[in-house]
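Asks: Coordinates in data-v4.txt, compact mmCIF, C-alpha atoms, are listed below.
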# COMPACT_ATOMS: atom_id res chain seq x y z
CA MET A 201 -52.76 16.22 -13.10
CA LYS A 202 -54.06 13.45 -15.37
CA LYS A 203 -53.69 10.97 -12.50
CA TYR A 204 -55.71 13.25 -10.22
CA ILE A 205 -58.52 13.61 -12.79
CA LEU A 206 -58.63 9.85 -13.41
CA LEU A 207 -58.76 9.17 -9.65
CA THR A 208 -61.62 11.64 -9.19
CA VAL A 209 -63.61 10.11 -12.05
CA ALA A 210 -63.06 6.63 -10.63
CA LEU A 211 -64.28 7.70 -7.19
CA LEU A 212 -67.41 9.34 -8.66
CA MET A 213 -68.22 6.22 -10.67
CA ALA A 214 -67.77 4.02 -7.61
CA SER A 215 -70.00 6.32 -5.57
CA SER A 216 -72.68 6.22 -8.28
CA ILE A 217 -72.58 2.43 -8.45
CA THR A 218 -72.89 2.22 -4.64
CA THR A 219 -75.82 4.65 -4.59
CA GLN A 220 -77.61 2.73 -7.34
CA ALA A 221 -77.07 -0.52 -5.46
CA GLN A 222 -78.47 1.02 -2.27
CA LEU A 223 -81.54 2.35 -4.11
CA LYS A 224 -82.07 -1.05 -5.71
CA ARG A 225 -81.99 -2.71 -2.29
CA GLU A 226 -84.42 -0.09 -0.84
CA TYR A 227 -86.94 -0.44 -3.66
CA SER A 228 -86.78 -4.22 -3.54
CA LYS A 229 -88.00 -4.21 0.09
CA PRO A 230 -91.72 -4.89 0.66
CA ALA A 231 -93.56 -1.56 0.99
CA ALA A 232 -94.68 -0.77 4.54
CA SER A 233 -98.40 -0.17 4.98
CA PRO A 234 -98.91 3.60 5.31
CA VAL A 235 -100.54 4.83 8.53
CA PHE A 236 -103.00 7.54 7.58
CA SER A 237 -104.65 7.93 10.99
CA THR A 238 -104.01 6.84 14.56
CA THR A 239 -107.59 7.54 15.65
CA ALA A 240 -109.91 4.73 16.64
CA SER A 241 -113.50 4.43 15.53
CA PRO A 242 -115.88 4.17 18.51
CA ASP A 243 -117.75 0.99 19.27
CA ILE A 244 -121.52 1.42 19.12
CA PRO A 245 -123.37 -0.19 22.03
CA MET A 246 -126.33 -2.46 21.39
CA SER A 247 -128.46 -0.38 23.74
CA VAL A 248 -128.29 2.69 25.98
CA ASN A 249 -130.43 3.69 28.93
CA PHE A 250 -131.68 7.22 28.39
CA ALA A 251 -133.84 8.81 31.10
CA GLY A 252 -134.92 5.39 32.31
CA GLU A 253 -135.88 4.20 28.82
CA LYS A 254 -133.95 1.49 26.96
CA VAL A 255 -132.93 2.69 23.50
CA SER A 256 -131.86 -0.20 21.26
CA PHE A 257 -129.20 0.22 18.57
CA ASP A 258 -129.65 -3.24 17.09
CA ARG A 259 -131.36 -1.69 14.06
CA LEU A 260 -128.77 -0.67 11.45
CA ASP A 261 -130.06 2.86 10.85
CA MET A 262 -130.14 3.55 14.60
CA ALA A 263 -126.55 2.36 15.05
CA GLU A 264 -125.27 4.43 12.12
CA ARG A 265 -127.04 7.58 13.32
CA LEU A 266 -125.45 7.22 16.76
CA ASP A 267 -122.07 6.45 15.14
CA ARG A 268 -122.21 9.73 13.21
CA GLU A 269 -122.84 11.82 16.31
CA LEU A 270 -120.45 9.93 18.57
CA THR A 271 -117.61 10.21 16.07
CA GLY A 272 -118.22 13.95 15.63
CA ILE A 273 -118.20 14.59 19.38
CA ILE A 274 -115.13 12.47 20.12
CA TYR A 275 -113.02 14.13 17.44
CA GLY A 276 -114.43 17.63 17.82
CA GLN A 277 -111.99 18.05 20.68
CA THR A 278 -112.13 21.83 21.07
CA THR A 279 -115.88 21.98 21.66
CA THR A 280 -116.05 18.74 23.63
CA GLU A 281 -113.30 19.78 26.04
CA LEU A 282 -115.06 23.09 26.65
CA CYS A 283 -118.29 21.18 27.35
CA PHE A 284 -116.55 19.21 30.10
CA LYS A 285 -115.05 22.36 31.60
CA ARG A 286 -118.29 24.32 31.57
CA ALA A 287 -120.29 21.33 32.81
CA ASN A 288 -118.07 21.09 35.87
CA ARG A 289 -119.17 24.63 36.76
CA TYR A 290 -122.86 24.37 35.91
CA PHE A 291 -123.89 20.71 36.34
CA PRO A 292 -124.04 20.83 40.17
CA ALA A 293 -126.65 23.64 40.23
CA LEU A 294 -128.53 22.42 37.14
CA SER A 295 -128.74 18.81 38.32
CA LYS A 296 -130.22 20.02 41.61
CA ILE A 297 -132.95 21.87 39.69
CA LEU A 298 -133.70 18.88 37.46
CA LYS A 299 -134.10 16.67 40.54
CA GLU A 300 -136.40 19.21 42.21
CA GLN A 301 -138.47 19.49 39.03
CA GLY A 302 -138.73 15.73 38.52
CA VAL A 303 -136.87 15.69 35.21
CA PRO A 304 -134.30 12.91 34.52
CA LEU A 305 -130.67 13.98 34.88
CA ASP A 306 -129.94 12.76 31.34
CA PHE A 307 -131.48 16.05 30.17
CA LEU A 308 -128.26 17.71 31.28
CA TYR A 309 -126.93 16.41 27.95
CA LEU A 310 -129.73 18.19 26.12
CA VAL A 311 -128.41 21.53 27.36
CA VAL A 312 -124.90 20.48 26.28
CA THR A 313 -126.28 19.68 22.82
CA GLU A 314 -128.23 22.93 22.61
CA SER A 315 -125.47 25.40 23.42
CA SER A 316 -122.26 23.64 24.51
CA MET A 317 -123.24 25.18 27.88
CA ASP A 318 -122.51 28.71 26.68
CA TYR A 319 -124.91 30.91 28.70
CA ASN A 320 -124.54 33.74 26.15
CA ALA A 321 -125.48 31.60 23.14
CA TYR A 322 -127.81 33.28 20.66
CA SER A 323 -128.96 31.57 17.46
CA SER A 324 -130.01 32.86 14.05
CA ALA A 325 -133.55 31.78 14.99
CA LYS A 326 -133.33 34.17 18.01
CA ALA A 327 -133.18 31.37 20.57
CA ALA A 328 -131.13 32.44 23.58
CA GLY A 329 -129.16 31.13 26.53
CA MET A 330 -127.95 27.67 27.48
CA TRP A 331 -131.34 26.10 26.81
CA GLN A 332 -131.85 28.08 23.58
CA LEU A 333 -135.36 29.25 24.43
CA LEU A 334 -137.39 31.34 22.02
CA ALA A 335 -138.84 34.51 23.52
CA GLY A 336 -142.46 33.30 23.32
CA THR A 337 -141.69 29.93 24.90
CA ALA A 338 -139.68 31.59 27.65
CA ARG A 339 -142.53 33.95 28.52
CA ASP A 340 -145.01 31.05 28.46
CA PHE A 341 -142.97 29.34 31.15
CA GLY A 342 -142.46 32.33 33.41
CA LEU A 343 -139.34 34.16 32.22
CA GLU A 344 -138.96 37.89 31.66
CA VAL A 345 -137.68 38.77 28.21
CA GLY A 346 -136.87 42.37 27.33
CA ASP A 347 -134.18 44.83 26.36
CA GLU A 348 -132.90 45.41 29.91
CA VAL A 349 -133.63 42.00 31.41
CA ASP A 350 -133.64 38.66 29.59
CA GLU A 351 -133.88 35.71 31.94
CA ARG A 352 -133.23 33.23 29.14
CA PHE A 353 -129.57 33.99 29.79
CA ASP A 354 -129.84 33.09 33.49
CA PRO A 355 -128.58 29.46 33.70
CA GLU A 356 -130.75 28.54 36.69
CA LYS A 357 -134.00 30.35 35.85
CA SER A 358 -133.87 29.12 32.26
CA THR A 359 -133.37 25.58 33.54
CA VAL A 360 -136.59 25.83 35.56
CA ALA A 361 -138.43 27.07 32.46
CA ALA A 362 -136.98 24.28 30.31
CA CYS A 363 -138.05 21.71 32.91
CA LYS A 364 -141.61 23.02 32.75
CA TYR A 365 -141.58 22.50 28.98
CA LEU A 366 -140.10 19.01 29.29
CA LYS A 367 -142.70 17.93 31.85
CA ALA A 368 -145.52 19.26 29.68
CA ALA A 369 -144.12 17.30 26.73
CA TYR A 370 -143.79 14.12 28.80
CA LYS A 371 -147.42 14.43 29.84
CA LYS A 372 -148.23 14.48 26.12
CA TYR A 373 -145.90 11.73 24.84
CA GLY A 374 -145.00 9.55 27.83
CA HIS A 375 -141.61 8.78 26.24
CA TRP A 376 -138.54 10.80 27.23
CA PRO A 377 -136.58 10.41 23.94
CA THR A 378 -139.63 11.73 22.07
CA VAL A 379 -139.82 14.58 24.59
CA ALA A 380 -136.21 15.43 23.70
CA ALA A 381 -137.07 15.43 19.97
CA SER A 382 -140.01 17.76 20.64
CA TYR A 383 -137.64 20.21 22.32
CA ASN A 384 -135.96 20.68 18.96
CA ALA A 385 -138.95 20.40 16.62
CA GLY A 386 -141.70 21.83 18.84
CA MET A 387 -144.61 19.82 20.18
CA GLN A 388 -147.08 20.80 17.46
CA LYS A 389 -144.73 19.86 14.63
CA LEU A 390 -143.75 16.58 16.23
CA SER A 391 -147.33 15.60 17.04
CA ASN A 392 -148.36 16.32 13.45
CA GLU A 393 -145.58 14.10 12.11
CA LEU A 394 -146.37 11.25 14.54
CA SER A 395 -149.96 11.34 13.34
CA LYS A 396 -149.15 11.62 9.61
CA GLN A 397 -146.52 8.88 9.66
CA LYS A 398 -148.56 6.60 11.96
CA VAL A 399 -145.84 5.86 14.51
CA ASP A 400 -145.69 6.42 18.25
CA ASN A 401 -142.13 7.64 18.90
CA SER A 402 -139.60 9.97 17.32
CA PHE A 403 -137.07 7.24 16.42
CA ASP A 404 -139.45 5.93 13.74
CA LEU A 405 -140.11 9.32 12.18
CA TYR A 406 -138.71 10.72 8.96
CA LEU A 407 -137.76 14.27 9.99
CA VAL A 408 -135.61 17.16 8.85
CA GLN A 409 -131.95 16.36 9.42
CA GLU A 410 -131.50 18.68 12.42
CA THR A 411 -134.28 17.00 14.40
CA SER A 412 -133.45 13.53 13.09
CA ARG A 413 -129.90 13.85 14.48
CA TYR A 414 -130.85 15.66 17.68
CA VAL A 415 -131.66 12.86 20.14
CA PHE A 416 -128.73 10.77 18.88
CA ARG A 417 -126.41 13.69 19.63
CA ILE A 418 -127.79 13.95 23.16
CA ILE A 419 -127.19 10.23 23.71
CA ALA A 420 -123.69 10.52 22.23
CA TYR A 421 -122.83 13.32 24.67
CA LYS A 422 -124.16 11.14 27.51
CA LEU A 423 -121.84 8.28 26.47
CA VAL A 424 -118.76 10.50 26.20
CA MET A 425 -119.35 12.58 29.31
CA GLU A 426 -120.16 9.58 31.49
CA SER A 427 -117.04 7.68 30.37
CA PRO A 428 -114.50 10.28 29.16
CA LYS A 429 -111.40 8.12 29.61
CA ARG A 430 -112.89 5.48 27.32
CA TYR A 431 -112.99 8.08 24.54
CA GLY A 432 -109.56 9.59 25.17
CA TYR A 433 -110.41 12.59 27.38
CA ARG A 434 -108.26 13.24 30.46
CA PHE A 435 -108.53 16.09 32.97
CA SER A 436 -107.00 17.12 36.24
CA ARG A 437 -109.21 19.05 38.65
CA GLN A 438 -107.29 22.23 37.81
CA ASN A 439 -108.31 21.83 34.13
CA LEU A 440 -112.02 22.04 34.96
CA TRP A 441 -113.86 25.33 35.44
CA GLN A 442 -115.02 25.57 39.03
CA PRO A 443 -118.40 26.71 40.39
CA VAL A 444 -118.31 30.26 41.74
CA ALA A 445 -119.75 31.19 45.14
CA TYR A 446 -121.88 34.34 45.39
CA THR A 447 -123.57 36.64 47.82
CA THR A 448 -126.99 37.94 46.75
CA VAL A 449 -128.32 41.49 46.86
CA ASP A 450 -132.01 42.30 46.36
CA VAL A 451 -132.66 45.17 43.94
CA THR A 452 -136.26 46.47 44.10
CA GLY A 453 -135.90 49.84 42.40
CA SER A 454 -134.29 51.27 39.31
CA VAL A 455 -130.56 51.33 38.64
CA ALA A 456 -129.30 54.36 36.75
CA SER A 457 -125.94 52.77 36.02
CA TRP A 458 -124.96 49.15 36.56
CA VAL A 459 -121.36 50.27 36.01
CA ASP A 460 -121.49 52.53 39.07
CA TRP A 461 -123.54 50.00 41.01
CA ALA A 462 -120.92 47.31 40.42
CA LYS A 463 -118.07 49.63 41.35
CA ALA A 464 -119.79 50.45 44.64
CA LYS A 465 -119.94 46.70 45.37
CA GLY A 466 -116.21 46.27 44.76
CA ILE A 467 -116.43 44.48 41.39
CA THR A 468 -116.19 45.51 37.76
CA TYR A 469 -119.16 45.83 35.40
CA ALA A 470 -117.70 42.86 33.47
CA GLN A 471 -117.72 40.73 36.62
CA LEU A 472 -121.31 41.81 37.34
CA ARG A 473 -122.42 40.76 33.85
CA GLU A 474 -120.55 37.45 34.11
CA ALA A 475 -122.34 36.65 37.38
CA ASN A 476 -125.73 37.93 36.14
CA PRO A 477 -125.99 37.29 32.39
CA TRP A 478 -129.70 38.17 32.48
CA ILE A 479 -128.65 41.84 32.75
CA ARG A 480 -128.71 43.05 29.15
CA SER A 481 -128.22 46.82 29.55
CA THR A 482 -126.18 49.31 31.53
CA LYS A 483 -129.34 50.42 33.36
CA LEU A 484 -132.49 48.99 34.94
CA THR A 485 -135.77 50.90 34.71
CA ASN A 486 -137.87 48.49 36.80
CA ALA A 487 -141.04 50.57 36.74
CA SER A 488 -143.03 47.76 38.39
CA GLY A 489 -140.76 47.56 41.45
CA LYS A 490 -139.96 43.91 40.84
CA THR A 491 -137.33 42.30 43.09
CA TYR A 492 -134.23 41.17 41.23
CA LYS A 493 -131.67 39.00 42.98
CA VAL A 494 -128.26 40.21 41.87
CA ARG A 495 -125.29 37.95 42.48
CA ILE A 496 -121.93 39.28 43.65
CA PRO A 497 -119.04 36.81 43.27
CA LYS A 498 -117.09 36.17 46.45
CA SER A 499 -113.63 37.69 46.13
CA SER A 500 -111.90 34.42 47.11
CA ASP A 501 -113.46 32.68 44.08
CA LEU A 502 -112.09 35.23 41.64
CA TYR A 503 -108.46 34.08 42.06
CA ARG A 504 -106.98 30.70 41.22
CA SER A 505 -104.45 30.86 44.01
CA LYS A 506 -107.23 31.04 46.64
CA ARG A 507 -109.33 28.19 45.28
CA SER A 508 -109.68 24.52 46.01
CA PHE A 509 -110.49 22.43 42.96
CA SER A 510 -113.29 19.89 42.69
CA ALA A 511 -114.81 17.69 39.98
CA TYR A 512 -118.50 17.08 39.32
CA SER A 513 -117.75 13.43 38.51
CA LYS A 514 -114.84 11.30 39.69
CA ASP A 515 -114.76 9.75 36.21
CA TRP A 516 -113.70 13.11 34.76
CA VAL A 517 -110.32 13.33 36.49
CA ILE A 518 -107.05 11.43 36.38
CA ASP A 519 -105.72 12.50 39.79
How would this structure read if it were set down as structure tokens?
Replies:
Amino acid sequence: MKKYILLTVALLMASSITTQAQLKREYSKPAASPVFSTTASPDIPMSVNFAGEKVSFDRLDMAERLDRELTGIIYGQTTTELCFKRANRYFPALSKILKEQGVPLDFLYLVVTESSMDYNAYSSAKAAGMWQLLAGTARDFGLEVGDEVDERFDPEKSTVAACKYLKAAYKKYGHWPTVAASYNAGMQKLSNELSKQKVDNSFDLYLVQETSRYVFRIIAYKLVMESPKRYGYRFSRQNLWQPVAYTTVDVTGSVASWVDWAKAKGITYAQLREANPWIRSTKLTNASGKTYKVRIPKSSDLYRSKRSFSAYSKDWVID
């Protein structure tokens, strides 16, 4: 028994000596540099063409302001990925309107900045729709805004109204980046600041942070969405939300129940509202007899198995 105890003690001591020797060897090794992050900081270009205007980022403050927005967009993956997916659905129709209205296509990135292309967006300031129009501005540029119908939520009609605003602002400023800043601040506010601070464009203004960051965020979205692979974004066509084809029905009278109306057309009320987000109630009074064009989604576009998949830009896809 004594021999067994002595043998056990000897083995334990040997094991302890071995462990201490191993630890000594481990701690004597040079410490490896810890890797805290595998993300890469984006390079900031010296200049960017925005709406036909060269915007220089040689000035330190300009470069750092773009860096802030570009970094936030690149690593805000959830929102940025949704922007790509929604843009694939809406950019084709919206870009057609911008071309018809004579507004540079770079203003597609303004609508991304405003709402992440969520047609149902509604802000605490009561701005609504993709373009985040206030009720008064929307009415000024030809949209109906009410309890039963609110055309700010119609992606295409609100785009036409936004284009009217942008063209009016360009007539005033003659500089598209400053036009973009006015979309956030309002023309009166921006004009007052340009006069008070004795400068001729928004990049040289001291403004509240929201407006100060605004144009840089638009330009950052342009950089990422024009070169997604450069910033680590990869999509197959199946990942991207596809445009939906519709038939159109003219409604010139009242509708007692949009629920029943939709059912009679072979779709659900939810599908009706998805196709016509300007409908804001279950009924339509329409006392004036106005003609509303109501879109009915084609049944083939409601099912993935019956669809062919396309991409707005070849740079967005890996296949």
Asks: Taking all listed atoms of range 237-251 of chain A, build the axis-aligned box, pad each of the six sides by 8 Å, then write its centre and edge lengths in Å to one decimal as AutoDock Vina command-line options.
Replies:
--center_x -118.9 --center_y 3.2 --center_z 21.0 --size_x 45.8 --size_y 27.3 --size_z 36.1
Asks: Calculate how many Å separate CA of Lys296 in chain A from CA of Ser427 in chain A, rounding to one decimal.
Replies: 21.3 Å
Asks: I'd like to know which of A:Leu405, A:Leu294, A:Leu260, A:Ala445 is closest to Pro497 in chain A, using all atoms listed in the file.
Replies: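 Closest candidate: A:Ala445.
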Asks: Please indicate the distance in Å from CA of Lys465 in chain A to CA of Tyr492 in chain A, rounded to one decimal place.
Replies: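 That distance, rounded to one decimal, is 15.9 Å.
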Asks: Please provide the set of residues having any atom within 12 Å of Glu253 in chain A, restricted to only C-alpha atoms, with same-chain residues fewer than 2 positions apart removed, written as a ChimeraX atom specification.
Replies: /A:247-251,255-256,304,306,374-379,419
Asks: Could you tell me how far CA of Pro443 in chain A lies from CA of Arg507 in chain A, in Å and to one decimal?
Replies: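 Those two atoms sit 10.4 Å apart.
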Asks: So, counting only C-alpha atoms, which residue among A:Tyr373, A:Gly346, A:Pro242, A:Ala487 is closest to Gln388 in chain A?
Replies: A:Tyr373
Asks: Using all atoms listed in the file, can you tell me which of A:Cys363, A:Val415, A:Ala240, A:Ala462 comes closest to Glu314 in chain A?
Replies: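 Distance minimum relative to Glu314 in chain A lands on A:Val415.
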Asks: Looking at A:Trp461, A:Tyr275, A:Phe307, A:Trp516, which one is nearest to Lys422 in chain A, with distances taken over all atoms listed in the file?
Replies: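 Closest to Lys422 in chain A of all the choices is A:Phe307.
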Asks: Hey, which of A:Lys498, A:Ser488, A:Thr482, A:Gln332 ends up closest to Gly466 in chain A? Count all atoms listed in the file.
Replies: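 Between A:Lys498, A:Ser488, A:Thr482, A:Gln332, the residue approaching Gly466 in chain A most closely is A:Lys498.
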Asks: Which one of A:Ala338, A:Leu390, A:Met330, A:Leu440 sits closest to Phe509 in chain A if you count only C-alpha atoms?
Replies: A:Leu440
Asks: Do you know which residues are at most 8 Å from Ser454 in chain A counting all atoms listed in the file, after dropping those on the same chain fewer than 2 positions away, and could you put them as a PyMOL selection string?
Replies: chain A and resi 451-452+456+483-487+489
Asks: Show me, as a list of chain:residue names, the residues that have an atom within 9 Å of range 280-291 of chain A when counting only C-alpha atoms, minus same-chain residues fewer than 4 positions from it.
Replies: A:Ile273, A:Ile274, A:Tyr275, A:Gly276, A:Ser295, A:Lys296, A:Leu308, A:Val312, A:Ser316, A:Met317, A:Asp318, A:Pro355, A:Glu356, A:Tyr421, A:Met425, A:Tyr433, A:Asn439, A:Leu440, A:Trp441, A:Gln442, A:Pro443, A:Val444, A:Ser510, A:Ala511, A:Tyr512, A:Ser513, A:Trp516
Asks: Go through range 326-417 of chain A and flag each residue having an atom no more than 10 Å from range 263-268 of chain A; for those, report the closest pair of atoms plus their distance in Å to one decimal, using all atoms listed in the file, ordered by chain and rising number, as CSV.
Replies:
residue,atom,partner,partner_atom,distance
A:Ser412,CA,A:Arg265,CA,8.7
A:Arg413,CA,A:Arg265,CA,7.0
A:Tyr414,CA,A:Arg265,CA,9.9
A:Val415,CA,A:Leu266,CA,9.0
A:Phe416,CA,A:Leu266,CA,5.3
A:Arg417,CA,A:Leu266,CA,7.1
Asks: Could you give me, as a VMD selection string, the residues within 12 Å of Asp350 in chain A, counting only C-alpha atoms and dropping anything in the same chain fewer than 4 positions from it?
Replies: chain A and resid 319 to 320 322 327 to 329 333 to 335 338 to 339 342 to 346 354 to 355 357 to 358 476 to 481 484 492
Asks: Please rebuild range 420-440 of chain A with N, CA, C and O atoms and return the result as a PDB file, keeping the file's coordinate frame.
Replies:
ATOM      1  N   ALA A 420    -125.139  10.586  22.438  1.00  0.00           N
ATOM      2  CA  ALA A 420    -123.690  10.520  22.230  1.00  0.00           C
ATOM      3  C   ALA A 420    -122.948  11.341  23.293  1.00  0.00           C
ATOM      4  O   ALA A 420    -121.920  10.900  23.823  1.00  0.00           O
ATOM      5  N   TYR A 421    -123.462  12.529  23.613  1.00  0.00           N
ATOM      6  CA  TYR A 421    -122.830  13.320  24.670  1.00  0.00           C
ATOM      7  C   TYR A 421    -122.915  12.580  26.013  1.00  0.00           C
ATOM      8  O   TYR A 421    -121.970  12.612  26.812  1.00  0.00           O
ATOM      9  N   LYS A 422    -124.028  11.922  26.270  1.00  0.00           N
ATOM     10  CA  LYS A 422    -124.160  11.140  27.510  1.00  0.00           C
ATOM     11  C   LYS A 422    -123.060  10.067  27.572  1.00  0.00           C
ATOM     12  O   LYS A 422    -122.387   9.917  28.612  1.00  0.00           O
ATOM     13  N   LEU A 423    -122.855   9.330  26.476  1.00  0.00           N
ATOM     14  CA  LEU A 423    -121.840   8.280  26.470  1.00  0.00           C
ATOM     15  C   LEU A 423    -120.450   8.837  26.737  1.00  0.00           C
ATOM     16  O   LEU A 423    -119.685   8.292  27.547  1.00  0.00           O
ATOM     17  N   VAL A 424    -120.100   9.932  26.058  1.00  0.00           N
ATOM     18  CA  VAL A 424    -118.760  10.500  26.200  1.00  0.00           C
ATOM     19  C   VAL A 424    -118.556  11.113  27.576  1.00  0.00           C
ATOM     20  O   VAL A 424    -117.523  10.893  28.226  1.00  0.00           O
ATOM     21  N   MET A 425    -119.546  11.852  28.058  1.00  0.00           N
ATOM     22  CA  MET A 425    -119.350  12.580  29.310  1.00  0.00           C
ATOM     23  C   MET A 425    -119.521  11.689  30.541  1.00  0.00           C
ATOM     24  O   MET A 425    -119.075  12.063  31.627  1.00  0.00           O
ATOM     25  N   GLU A 426    -120.107  10.512  30.369  1.00  0.00           N
ATOM     26  CA  GLU A 426    -120.160   9.580  31.490  1.00  0.00           C
ATOM     27  C   GLU A 426    -118.940   8.667  31.531  1.00  0.00           C
ATOM     28  O   GLU A 426    -118.639   8.101  32.572  1.00  0.00           O
ATOM     29  N   SER A 427    -118.232   8.533  30.413  1.00  0.00           N
ATOM     30  CA  SER A 427    -117.040   7.680  30.370  1.00  0.00           C
ATOM     31  C   SER A 427    -115.941   8.349  29.551  1.00  0.00           C
ATOM     32  O   SER A 427    -115.528   7.848  28.497  1.00  0.00           O
ATOM     33  N   PRO A 428    -115.448   9.513  29.992  1.00  0.00           N
ATOM     34  CA  PRO A 428    -114.500  10.280  29.160  1.00  0.00           C
ATOM     35  C   PRO A 428    -113.204   9.545  28.865  1.00  0.00           C
ATOM     36  O   PRO A 428    -112.679   9.654  27.755  1.00  0.00           O
ATOM     37  N   LYS A 429    -112.686   8.793  29.823  1.00  0.00           N
ATOM     38  CA  LYS A 429    -111.400   8.120  29.610  1.00  0.00           C
ATOM     39  C   LYS A 429    -111.499   7.080  28.499  1.00  0.00           C
ATOM     40  O   LYS A 429    -110.539   6.853  27.760  1.00  0.00           O
ATOM     41  N   ARG A 430    -112.670   6.473  28.377  1.00  0.00           N
ATOM     42  CA  ARG A 430    -112.890   5.480  27.320  1.00  0.00           C
ATOM     43  C   ARG A 430    -112.729   6.101  25.944  1.00  0.00           C
ATOM     44  O   ARG A 430    -112.333   5.438  24.991  1.00  0.00           O
ATOM     45  N   TYR A 431    -113.031   7.400  25.843  1.00  0.00           N
ATOM     46  CA  TYR A 431    -112.990   8.080  24.540  1.00  0.00           C
ATOM     47  C   TYR A 431    -111.787   9.020  24.410  1.00  0.00           C
ATOM     48  O   TYR A 431    -111.752   9.858  23.521  1.00  0.00           O
ATOM     49  N   GLY A 432    -110.823   8.870  25.312  1.00  0.00           N
ATOM     50  CA  GLY A 432    -109.560   9.590  25.170  1.00  0.00           C
ATOM     51  C   GLY A 432    -109.489  10.954  25.823  1.00  0.00           C
ATOM     52  O   GLY A 432    -108.561  11.720  25.550  1.00  0.00           O
ATOM     53  N   TYR A 433    -110.429  11.284  26.714  1.00  0.00           N
ATOM     54  CA  TYR A 433    -110.410  12.590  27.380  1.00  0.00           C
ATOM     55  C   TYR A 433    -109.880  12.444  28.801  1.00  0.00           C
ATOM     56  O   TYR A 433    -110.329  11.571  29.555  1.00  0.00           O
ATOM     57  N   ARG A 434    -108.902  13.288  29.143  1.00  0.00           N
ATOM     58  CA  ARG A 434    -108.260  13.240  30.460  1.00  0.00           C
ATOM     59  C   ARG A 434    -108.203  14.655  31.037  1.00  0.00           C
ATOM     60  O   ARG A 434    -107.833  15.593  30.339  1.00  0.00           O
ATOM     61  N   PHE A 435    -108.561  14.788  32.306  1.00  0.00           N
ATOM     62  CA  PHE A 435    -108.530  16.090  32.970  1.00  0.00           C
ATOM     63  C   PHE A 435    -107.979  15.949  34.378  1.00  0.00           C
ATOM     64  O   PHE A 435    -108.225  14.947  35.047  1.00  0.00           O
ATOM     65  N   SER A 436    -107.259  16.974  34.812  1.00  0.00           N
ATOM     66  CA  SER A 436    -107.000  17.120  36.240  1.00  0.00           C
ATOM     67  C   SER A 436    -108.047  18.086  36.778  1.00  0.00           C
ATOM     68  O   SER A 436    -108.713  18.786  36.006  1.00  0.00           O
ATOM     69  N   ARG A 437    -108.214  18.139  38.081  1.00  0.00           N
ATOM     70  CA  ARG A 437    -109.210  19.050  38.650  1.00  0.00           C
ATOM     71  C   ARG A 437    -108.934  20.500  38.259  1.00  0.00           C
ATOM     72  O   ARG A 437    -109.841  21.285  38.057  1.00  0.00           O
ATOM     73  N   GLN A 438    -107.655  20.852  38.166  1.00  0.00           N
ATOM     74  CA  GLN A 438    -107.290  22.230  37.810  1.00  0.00           C
ATOM     75  C   GLN A 438    -107.691  22.590  36.384  1.00  0.00           C
ATOM     76  O   GLN A 438    -107.799  23.774  36.052  1.00  0.00           O
ATOM     77  N   ASN A 439    -107.897  21.567  35.507  1.00  0.00           N
ATOM     78  CA  ASN A 439    -108.310  21.830  34.130  1.00  0.00           C
ATOM     79  C   ASN A 439    -109.771  22.257  34.039  1.00  0.00           C
ATOM     80  O   ASN A 439    -110.181  22.891  33.062  1.00  0.00           O
ATOM     81  N   LEU A 440    -110.570  21.868  35.031  1.00  0.00           N
ATOM     82  CA  LEU A 440    -112.020  22.040  34.960  1.00  0.00           C
ATOM     83  C   LEU A 440    -112.437  23.371  35.566  1.00  0.00           C
ATOM     84  O   LEU A 440    -111.928  23.772  36.611  1.00  0.00           O
TER      85      LEU A 440
END
